[in-house]
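Colleague: The structure that follows is given in the form of structure tokens.
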Amino acid sequence: MSECTHNCETCGADCSSRQAESLIEKPHDLSQIKKVIGVVSGKGGVGKSMVTSLLAVAMQRKGYKSAILDADITGPSIPKAFGVNTRAKGSEQGLYPNLTTTGIEIMSVNLLLENATDPVVWRGPVIAGTVKQFWTDVIWEDVDYMFVDMPPGTGDVPLTVFQSLPVDGIIVVTSPQELVGMIVEKAVKMAGLMNIPVLGIVENMSYFICPDCGKQHFIYGQSHIDEIAEKYQIPAIGRLPIYPELAKLCDTGDIEFVHGDLLPEIASALEEK
């Protein structure tokens with residue numbers, strides 16, 4: 001390649017000076033993070049935070065060190081699911097994530113507020129900046145898998161995460177309704193535009209097992225997960241039933257003590273990544 005003349009009208013598109021500058025932010029100097037997995041949904045109310053929590057629990061049980069960066073700044077729920085109520089602490093070096101009972105590191109805006117029920121009334125740029133600070137200012141120690149619980153949709157925060165964090169892949173959470181399926185496609189397409197691999201789709205509230213007859217009932221209609229997965233050539237790697245006991249564990253802060261492995265295929269997919 002000839003020497004750059006800094007005149008872009010006369011050089012090729014492959015000139016190094018024309019390449020877009022990376023927007024990836026460096027983590028804190030004391031942080032050690034191996035894999036970053038985003039958990040996204042096209043709309044709210046589909047159980048994205050619950051799936052994020054289950055993923056962190058599953059990988060922690062397999063002997064990995066898990067962490068959750070709660071990027072849902074205006075609707076944080078991760079501390080509640082894990083029963084973590086104490087405020088995060090810091091030093092001159094930086095902020096420290098709180099630890100759950102089994103040692104999962106978590107950072108959420110609720111761990112910085114004086115009261116967990118205080119609303120976060122911030123504009124988009126401030127919210128996006130907070131998410132970046134959770135990456136750059138928090139000291140994450142020896143993390144194998146960091147799960148980023150994103151707000152629903154394809155707005156400022158998902159864009160900030162995709163551009164600023166070295167995301168290795170995303171998992172999309174959906175529910176059976178056809179409307180939700182349509183919105184999920186937007187999230188999948190956004191990931192494609194940002195060159196982020198989609199590791200798979202999880203369908204929550206997929207069915208209900210009657211405790212009396214043992215049959216499956218599709219309360220929210222038939223599943224559309226296979227259609228979306230086939231259309232975009234991505235795996236459908238999990239179907240979660242309507243599980244009242246799991247909802248109760250989230251409400252009481254005991255999600256770490258859920259019985260069994262509800263997402264075995266996802267754990268395998270993450271290990272292969």
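To be explicit about the labels: the chains of the structure tokens are called A, B, and onward in the order shown, and within each one the residues are counted from 1, while ligands get numbers from 1 in the order they are shown.
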Would you mind listing what lies within 6 Å of Gly83 (chain A) as a list in words, with only C-alpha atoms counted and same-chain residues fewer than 3 positions away left out?
Modeller: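 Here the qualifying residues turn out to be Pro79, Lys80 and Gly253 of chain A.
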Colleague: For region 133-138 of chain A, find every residue with an atom within 7 Å (counting only C-alpha atoms), except residues of its own chain fewer than 4 positions away, and show them as an MDAnalysis selection string.
Modeller: chainID A and resid 26:28 94:97 129
Colleague: Based on the selection just made, write N, CA, C and O atoms of those residues as a short mmCIF file (atom, residue, chain, number, x, y, z; two decimals), in the first residue's frame.
Modeller:
```
data_model
loop_
_atom_site.label_atom_id
_atom_site.label_comp_id
_atom_site.auth_asym_id
_atom_site.auth_seq_id
_atom_site.Cartn_x
_atom_site.Cartn_y
_atom_site.Cartn_z
N LYS A 26 -12.23 0.55 27.29
CA LYS A 26 -11.40 -0.33 28.11
C LYS A 26 -12.08 -0.55 29.45
O LYS A 26 -12.61 0.40 30.04
N PRO A 27 -12.08 -1.78 29.95
CA PRO A 27 -12.59 -1.98 31.30
C PRO A 27 -11.62 -1.40 32.32
O PRO A 27 -10.53 -0.93 31.96
N HIS A 28 -12.00 -1.40 33.56
CA HIS A 28 -11.12 -0.93 34.62
C HIS A 28 -9.80 -1.70 34.58
O HIS A 28 -9.78 -2.89 34.25
N GLY A 94 -11.88 2.52 42.52
CA GLY A 94 -13.08 2.37 41.73
C GLY A 94 -14.22 1.81 42.53
O GLY A 94 -14.16 1.73 43.77
N LEU A 95 -15.29 1.41 41.82
CA LEU A 95 -16.46 0.80 42.46
C LEU A 95 -16.29 -0.70 42.53
O LEU A 95 -15.64 -1.31 41.67
N TYR A 96 -16.91 -1.31 43.54
CA TYR A 96 -16.86 -2.76 43.68
C TYR A 96 -18.27 -3.33 43.52
O TYR A 96 -19.22 -2.82 44.12
N PRO A 97 -18.42 -4.37 42.72
CA PRO A 97 -19.74 -4.99 42.59
C PRO A 97 -20.12 -5.71 43.88
O PRO A 97 -19.25 -6.12 44.65
N GLY A 129 -24.34 6.79 29.56
CA GLY A 129 -23.07 7.04 30.23
C GLY A 129 -22.91 6.21 31.50
O GLY A 129 -21.81 5.76 31.82
#
```
Colleague: Would you mind listing what lies within 6 Å of region 233-239 of chain A as number ranges by chain, with only C-alpha atoms counted and same-chain residues fewer than 4 positions away left out?
Modeller: A: 200-204, 206, 229, 265-266
Colleague: Keeping only all heavy atoms, write the selected residues to a file as an mmCIF file, in the first residue's frame.
Modeller:
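That gives us result-v3.cif:
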```
data_model
loop_
_atom_site.group_PDB
_atom_site.id
_atom_site.type_symbol
_atom_site.label_atom_id
_atom_site.label_comp_id
_atom_site.auth_asym_id
_atom_site.auth_seq_id
_atom_site.Cartn_x
_atom_site.Cartn_y
_atom_site.Cartn_z
ATOM 1 N N GLY A 200 -28.561 -17.552 20.354
ATOM 2 C CA GLY A 200 -29.783 -18.337 20.401
ATOM 3 C C GLY A 200 -30.957 -17.539 20.918
ATOM 4 O O GLY A 200 -30.822 -16.391 21.333
ATOM 5 N N ILE A 201 -32.139 -18.156 20.844
ATOM 6 C CA ILE A 201 -33.381 -17.545 21.312
ATOM 7 C C ILE A 201 -33.956 -18.406 22.430
ATOM 8 O O ILE A 201 -33.985 -19.633 22.339
ATOM 9 C CB ILE A 201 -34.412 -17.429 20.173
ATOM 10 C CG1 ILE A 201 -33.837 -16.624 19.012
ATOM 11 C CG2 ILE A 201 -35.688 -16.767 20.661
ATOM 12 C CD1 ILE A 201 -34.787 -16.504 17.836
ATOM 13 N N VAL A 202 -34.421 -17.732 23.483
ATOM 14 C CA VAL A 202 -35.108 -18.406 24.582
ATOM 15 C C VAL A 202 -36.557 -17.928 24.596
ATOM 16 O O VAL A 202 -36.810 -16.724 24.545
ATOM 17 C CB VAL A 202 -34.458 -18.067 25.936
ATOM 18 C CG1 VAL A 202 -35.231 -18.729 27.078
ATOM 19 C CG2 VAL A 202 -33.018 -18.509 25.961
ATOM 20 N N GLU A 203 -37.473 -18.863 24.636
ATOM 21 C CA GLU A 203 -38.887 -18.503 24.732
ATOM 22 C C GLU A 203 -39.355 -18.723 26.161
ATOM 23 O O GLU A 203 -39.337 -19.844 26.666
ATOM 24 C CB GLU A 203 -39.720 -19.339 23.771
ATOM 25 C CG GLU A 203 -41.185 -18.922 23.748
ATOM 26 C CD GLU A 203 -41.967 -19.689 22.696
ATOM 27 O OE1 GLU A 203 -42.292 -20.876 22.949
ATOM 28 O OE2 GLU A 203 -42.253 -19.104 21.631
ATOM 29 N N ASN A 204 -39.747 -17.639 26.806
ATOM 30 C CA ASN A 204 -40.273 -17.711 28.162
ATOM 31 C C ASN A 204 -41.795 -17.816 28.122
ATOM 32 O O ASN A 204 -42.423 -17.436 27.136
ATOM 33 C CB ASN A 204 -39.843 -16.462 28.940
ATOM 34 C CG ASN A 204 -40.136 -16.579 30.426
ATOM 35 O OD1 ASN A 204 -40.122 -17.666 30.988
ATOM 36 N ND2 ASN A 204 -40.398 -15.461 31.064
ATOM 37 N N SER A 206 -43.550 -20.305 27.691
ATOM 38 C CA SER A 206 -43.852 -21.086 26.496
ATOM 39 C C SER A 206 -45.095 -21.962 26.677
ATOM 40 O O SER A 206 -45.885 -22.130 25.747
ATOM 41 C CB SER A 206 -42.644 -21.962 26.138
ATOM 42 O OG SER A 206 -42.844 -22.619 24.916
ATOM 43 N N ALA A 229 -36.259 -18.739 14.505
ATOM 44 C CA ALA A 229 -34.936 -19.364 14.504
ATOM 45 C C ALA A 229 -34.562 -19.842 13.104
ATOM 46 O O ALA A 229 -33.424 -19.662 12.646
ATOM 47 C CB ALA A 229 -34.910 -20.524 15.490
ATOM 48 N N GLU A 265 -29.220 -26.344 27.490
ATOM 49 C CA GLU A 265 -28.698 -26.157 26.137
ATOM 50 C C GLU A 265 -27.968 -24.835 25.999
ATOM 51 O O GLU A 265 -26.970 -24.722 25.281
ATOM 52 C CB GLU A 265 -29.840 -26.238 25.106
ATOM 53 C CG GLU A 265 -30.494 -27.608 25.015
ATOM 54 C CD GLU A 265 -31.597 -27.637 23.979
ATOM 55 O OE1 GLU A 265 -31.453 -26.962 22.950
ATOM 56 O OE2 GLU A 265 -32.601 -28.315 24.209
ATOM 57 N N ILE A 266 -28.431 -23.826 26.722
ATOM 58 C CA ILE A 266 -27.779 -22.521 26.651
ATOM 59 C C ILE A 266 -26.402 -22.593 27.288
ATOM 60 O O ILE A 266 -25.430 -22.041 26.758
ATOM 61 C CB ILE A 266 -28.625 -21.454 27.358
ATOM 62 C CG1 ILE A 266 -29.942 -21.272 26.615
ATOM 63 C CG2 ILE A 266 -27.880 -20.124 27.436
ATOM 64 C CD1 ILE A 266 -30.844 -20.235 27.201
#
```
Colleague: Tell me which of A:Glu25, A:Asp168, A:Asp142, A:Asp251 sits closest to Tyr64 (chain A), counting only C-alpha atoms.
Modeller: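 Under the stated criterion, the closest residue is A:Asp142.
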Colleague: Going by DSSP on the backbone, which bits of region 185-263 of chain A are helix (DSSP H, G or I)? Write them as a PyMOL selection string, please.
Modeller: chain A and resi 185-193+225-232+244-252+255-257
Colleague: Could you name the residues that touch Ala71 (chain A) at 8 Å or less, counting only C-alpha atoms, but leaving out those on the same chain fewer than 3 positions away, as an MDAnalysis selection string?
Modeller: chainID A and resid 76 108 131 148:151 157
Colleague: Could you please take those selected residues and save N, CA, C and O atoms as a PDB file, in the first residue's frame?
Modeller:
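The new file result-v6.pdb reads:
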```
ATOM      1  N   PRO A  76     -34.360  -1.518  36.944  1.00  0.00           N
ATOM      2  CA  PRO A  76     -33.440  -2.549  37.461  1.00  0.00           C
ATOM      3  C   PRO A  76     -34.149  -3.560  38.349  1.00  0.00           C
ATOM      4  O   PRO A  76     -34.928  -3.186  39.223  1.00  0.00           O
ATOM      5  N   SER A 108     -25.731  -2.719  39.723  1.00  0.00           N
ATOM      6  CA  SER A 108     -26.998  -2.182  39.259  1.00  0.00           C
ATOM      7  C   SER A 108     -27.157  -0.790  39.841  1.00  0.00           C
ATOM      8  O   SER A 108     -26.617  -0.473  40.907  1.00  0.00           O
ATOM      9  N   VAL A 131     -24.197   3.236  32.009  1.00  0.00           N
ATOM     10  CA  VAL A 131     -23.874   1.863  31.593  1.00  0.00           C
ATOM     11  C   VAL A 131     -22.391   1.740  31.280  1.00  0.00           C
ATOM     12  O   VAL A 131     -21.732   0.774  31.668  1.00  0.00           O
ATOM     13  N   VAL A 148     -24.990  -9.149  30.453  1.00  0.00           N
ATOM     14  CA  VAL A 148     -25.470  -7.768  30.464  1.00  0.00           C
ATOM     15  C   VAL A 148     -26.979  -7.791  30.265  1.00  0.00           C
ATOM     16  O   VAL A 148     -27.469  -8.159  29.194  1.00  0.00           O
ATOM     17  N   ASP A 149     -27.701  -7.437  31.314  1.00  0.00           N
ATOM     18  CA  ASP A 149     -29.162  -7.390  31.260  1.00  0.00           C
ATOM     19  C   ASP A 149     -29.575  -6.051  30.664  1.00  0.00           C
ATOM     20  O   ASP A 149     -29.499  -5.017  31.311  1.00  0.00           O
ATOM     21  N   MET A 150     -29.995  -6.073  29.412  1.00  0.00           N
ATOM     22  CA  MET A 150     -30.297  -4.840  28.691  1.00  0.00           C
ATOM     23  C   MET A 150     -31.765  -4.452  28.820  1.00  0.00           C
ATOM     24  O   MET A 150     -32.622  -5.305  29.042  1.00  0.00           O
ATOM     25  N   PRO A 151     -32.066  -3.160  28.679  1.00  0.00           N
ATOM     26  CA  PRO A 151     -33.467  -2.753  28.619  1.00  0.00           C
ATOM     27  C   PRO A 151     -34.079  -3.234  27.313  1.00  0.00           C
ATOM     28  O   PRO A 151     -33.358  -3.521  26.356  1.00  0.00           O
ATOM     29  N   VAL A 157     -29.404   2.481  25.019  1.00  0.00           N
ATOM     30  CA  VAL A 157     -28.567   1.590  25.830  1.00  0.00           C
ATOM     31  C   VAL A 157     -28.091   0.370  25.051  1.00  0.00           C
ATOM     32  O   VAL A 157     -26.896   0.045  25.081  1.00  0.00           O
TER      33      VAL A 157
END
```
Colleague: Which residues, written as a list of chain:residue names, have at least one atom at most 10 Å from Ser223 (chain A), with only C-alpha atoms counted and residues fewer than 5 positions away on the same chain left out?
Modeller: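 Neighbouring residues, sequence-local ones excluded: A:Thr174, A:Ser175, A:Pro176, A:Gln177, A:Glu178, A:Gly181, A:Glu203, A:Met205, A:Ser206, A:Tyr207, A:Phe218, A:Arg239.
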Colleague: Quick one: pick out all strand (DSSP E) residues within region 92-244 of chain A from a backbone DSSP run and write them as number ranges by chain.
Modeller: A: 95-96, 98-99, 105-107, 143-149, 169-174, 198-203, 208-209, 216-217, 236-239
Colleague: For the residues in the current selection, export C-alpha atoms as a compact mmCIF listing (two decimals), in the first residue's frame.
Modeller:
```
# COMPACT_ATOMS: atom_id res chain seq x y z
CA LEU A 95 -16.46 0.80 42.46
CA TYR A 96 -16.86 -2.76 43.68
CA ASN A 98 -21.88 -6.62 45.26
CA LEU A 99 -21.71 -10.37 45.74
CA GLU A 105 -20.86 -10.30 41.08
CA ILE A 106 -23.60 -7.80 40.28
CA MET A 107 -23.74 -4.06 39.64
CA VAL A 143 -15.05 -13.04 35.64
CA ASP A 144 -15.51 -15.92 33.20
CA TYR A 145 -18.97 -14.89 31.97
CA MET A 146 -20.48 -11.43 32.30
CA PHE A 147 -24.15 -11.20 31.42
CA VAL A 148 -25.47 -7.77 30.46
CA ASP A 149 -29.16 -7.39 31.26
CA GLY A 169 -22.74 -12.67 21.52
CA ILE A 170 -26.33 -12.11 22.54
CA ILE A 171 -29.23 -14.24 23.69
CA VAL A 172 -32.69 -13.06 22.67
CA VAL A 173 -35.63 -13.60 25.03
CA THR A 174 -39.16 -13.79 23.69
CA VAL A 198 -26.87 -14.21 18.06
CA LEU A 199 -26.17 -17.30 20.16
CA GLY A 200 -29.78 -18.34 20.40
CA ILE A 201 -33.38 -17.55 21.31
CA VAL A 202 -35.11 -18.41 24.58
CA GLU A 203 -38.89 -18.50 24.73
CA PHE A 208 -47.98 -24.32 31.46
CA ILE A 209 -47.97 -27.80 32.95
CA GLN A 216 -49.05 -28.90 28.64
CA HIS A 217 -51.31 -25.93 27.97
CA ALA A 236 -33.79 -22.06 19.51
CA ILE A 237 -32.00 -23.09 22.67
CA GLY A 238 -34.55 -22.87 25.42
CA ARG A 239 -38.24 -22.97 26.30
```
Colleague: By how many Å are CA of Val109 (chain A) and CA of Leu23 (chain A) apart?
Modeller: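 Those two atoms sit 23.3 Å apart.
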Colleague: CA of Asp156 (chain A) and CA of Val36 (chain A), how far apart in Å?
Modeller: 18.6 Å
Colleague: One decimal, in Å: what's the spacing between CA of Leu112 (chain A) and CA of Arg87 (chain A)?
Modeller: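 Straight-line distance from CA of Leu112 (chain A) to CA of Arg87 (chain A) works out to 5.7 Å.
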Colleague: Name the closest residue to Ala81 (chain A) among the candidates A:Ser22, A:Thr100, A:Ser66, A:Thr154; distances are taken between atoms, counting only C-alpha atoms.
Modeller: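 Going through A:Ser22, A:Thr100, A:Ser66, A:Thr154 one by one, the smallest distance to Ala81 (chain A) is for A:Thr100.
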Colleague: With only C-alpha atoms as the basis for distance, which of A:Ile139, A:Val51, A:Val57, A:Asp72 is at the shortest distance from Phe257 (chain A)?
Modeller: A:Val57
Colleague: From the list A:Leu193, A:Ile104, A:Asp118, A:Pro244, which residue is nearest Glu141 (chain A) when using only C-alpha atoms?
Modeller: A:Ile104
